[in-house]
Every structure is written in structure tokens, then in C-alpha cells.
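Novice: Before I ask anything, let me first share the structure, which is written out below as C-alpha cells.
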Amino acid sequence: SGLRSTYDVIVTNPPFHAQRGVDRPDIGRRFIAVAAESLNPGGRLWLVANRHLPYESVLTREFGTVRTVAQARGFKVIEAVKR
């Protein structure tokens, strides 16, 4: 389930590896869903992720406004604003 309160800002760098280094983007998608439930309207999620992880579509669905604010050395920083 979600967090116990609501917030204006959540910052996360969700794990995405399971044992043996297998990518598990479903873990990050769960972090995104819980953040969406836990943010106040207009609240912001700041997410750090590896560039190859496909989080943009779920972020757009859950939040609406999504933008990549930085990319470097295989990572990206994404800001999502809750409707």
C-alpha cells in the first residue's frame, strides 16, 4: 500500500535490479504508483533512473506533466507534476 501521509515533493532513485542483476522496471513502476497516490495535487516527483528504463509512459499516465531535466553518464533525472 501507499505512504501514511501526503506530500508536496518526493525524491527517489528506485532500485531496479533483482538478484543476479536482472532488470526489474516493475519495481520502479510501483514506486511511481505509490508516489502518485501520496502526492498532493500539484506535488512533484523527482526521479533518478538509468536512461534505458521505460518510466516515461507510466509517469505520464499517473501524473500528466513529465519532463526530463538532465541526462548524463547513463542516467536521467525526471520531474513529474501531479494533476
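By convention here, the chains of the C-alpha cells are called A, B, ... in the order presented, each chain's residues are numbered starting at 1, and ligands are numbered starting at 1 in the order presented.
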Can you list every residue in chain A that DSSP puts in helix (DSSP H, G or I), as a PyMOL selection string?
Specialist: chain A and resi 19-21+25-38+56-63
Novice: Extract, using only C-alpha atoms, all DNA, RNA and protein residues at most 7 Å from segment 12-16 of chain A, discarding same-chain residues fewer than 6 positions from it, and format them as a list of chain:residue names.
Specialist: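 Near segment 12-16 of chain A, the qualifying residues are A:Asp23, A:Arg24, A:Pro25, A:Ile27, A:Gly28, A:Phe31, A:Trp46, A:Leu47, A:Val48, A:Ala49.
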Novice: Output the selection as a compact mmCIF listing (two decimals), in the first residue's frame - C-alpha atoms for each residue.
Specialist:
# COMPACT_ATOMS: atom_id res chain seq x y z
CA ASP A 23 16.44 -5.55 -14.63
CA ARG A 24 13.10 -5.19 -12.83
CA PRO A 25 11.44 -1.97 -14.06
CA ILE A 27 9.89 -2.10 -9.02
CA GLY A 28 10.29 1.47 -10.24
CA PHE A 31 7.49 3.42 -6.61
CA TRP A 46 11.82 13.87 -8.79
CA LEU A 47 13.10 10.53 -10.05
CA VAL A 48 16.65 9.42 -10.91
CA ALA A 49 16.83 6.39 -13.18
Novice: So, with only C-alpha atoms as the atoms that count, which of A:Thr6, A:Thr65, A:Ser57, A:Asn40 lies closest to Val81 of chain A?
Specialist: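 Closest residue, counting only C-alpha atoms: A:Thr65.
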Novice: Mind the document's chain letters and residue numbers, and return as a count of residues only the residues of chain A that DSSP labels strand (DSSP E).
Specialist: 35
Novice: Return the single residue from A:Glu37, A:Gly43, A:Ile32, A:Gly21 that is closest to Tyr55 of chain A, with distances computed using only C-alpha atoms.
Specialist: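 That would be A:Ile32, the residue with the smallest distance to Tyr55 of chain A.
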Novice: Using only C-alpha atoms, which of A:Arg29, A:Arg44, A:Arg51, A:Arg4 sits nearest Gln71 of chain A?
Specialist: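 With only C-alpha atoms as the atom set, the closest residue is A:Arg51.
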Novice: Pick from A:Lys82, A:Leu39, A:Ala33, A:Phe75: nearest to His52 of chain A, with only C-alpha atoms counted?
Specialist: A:Phe75
Novice: For Glu79 of chain A, which residue among A:Val22, A:Leu3, A:Val11, A:Val34 is the nearest when counting only C-alpha atoms?
Specialist: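 Of all the options, A:Val11 lies closest to Glu79 of chain A.
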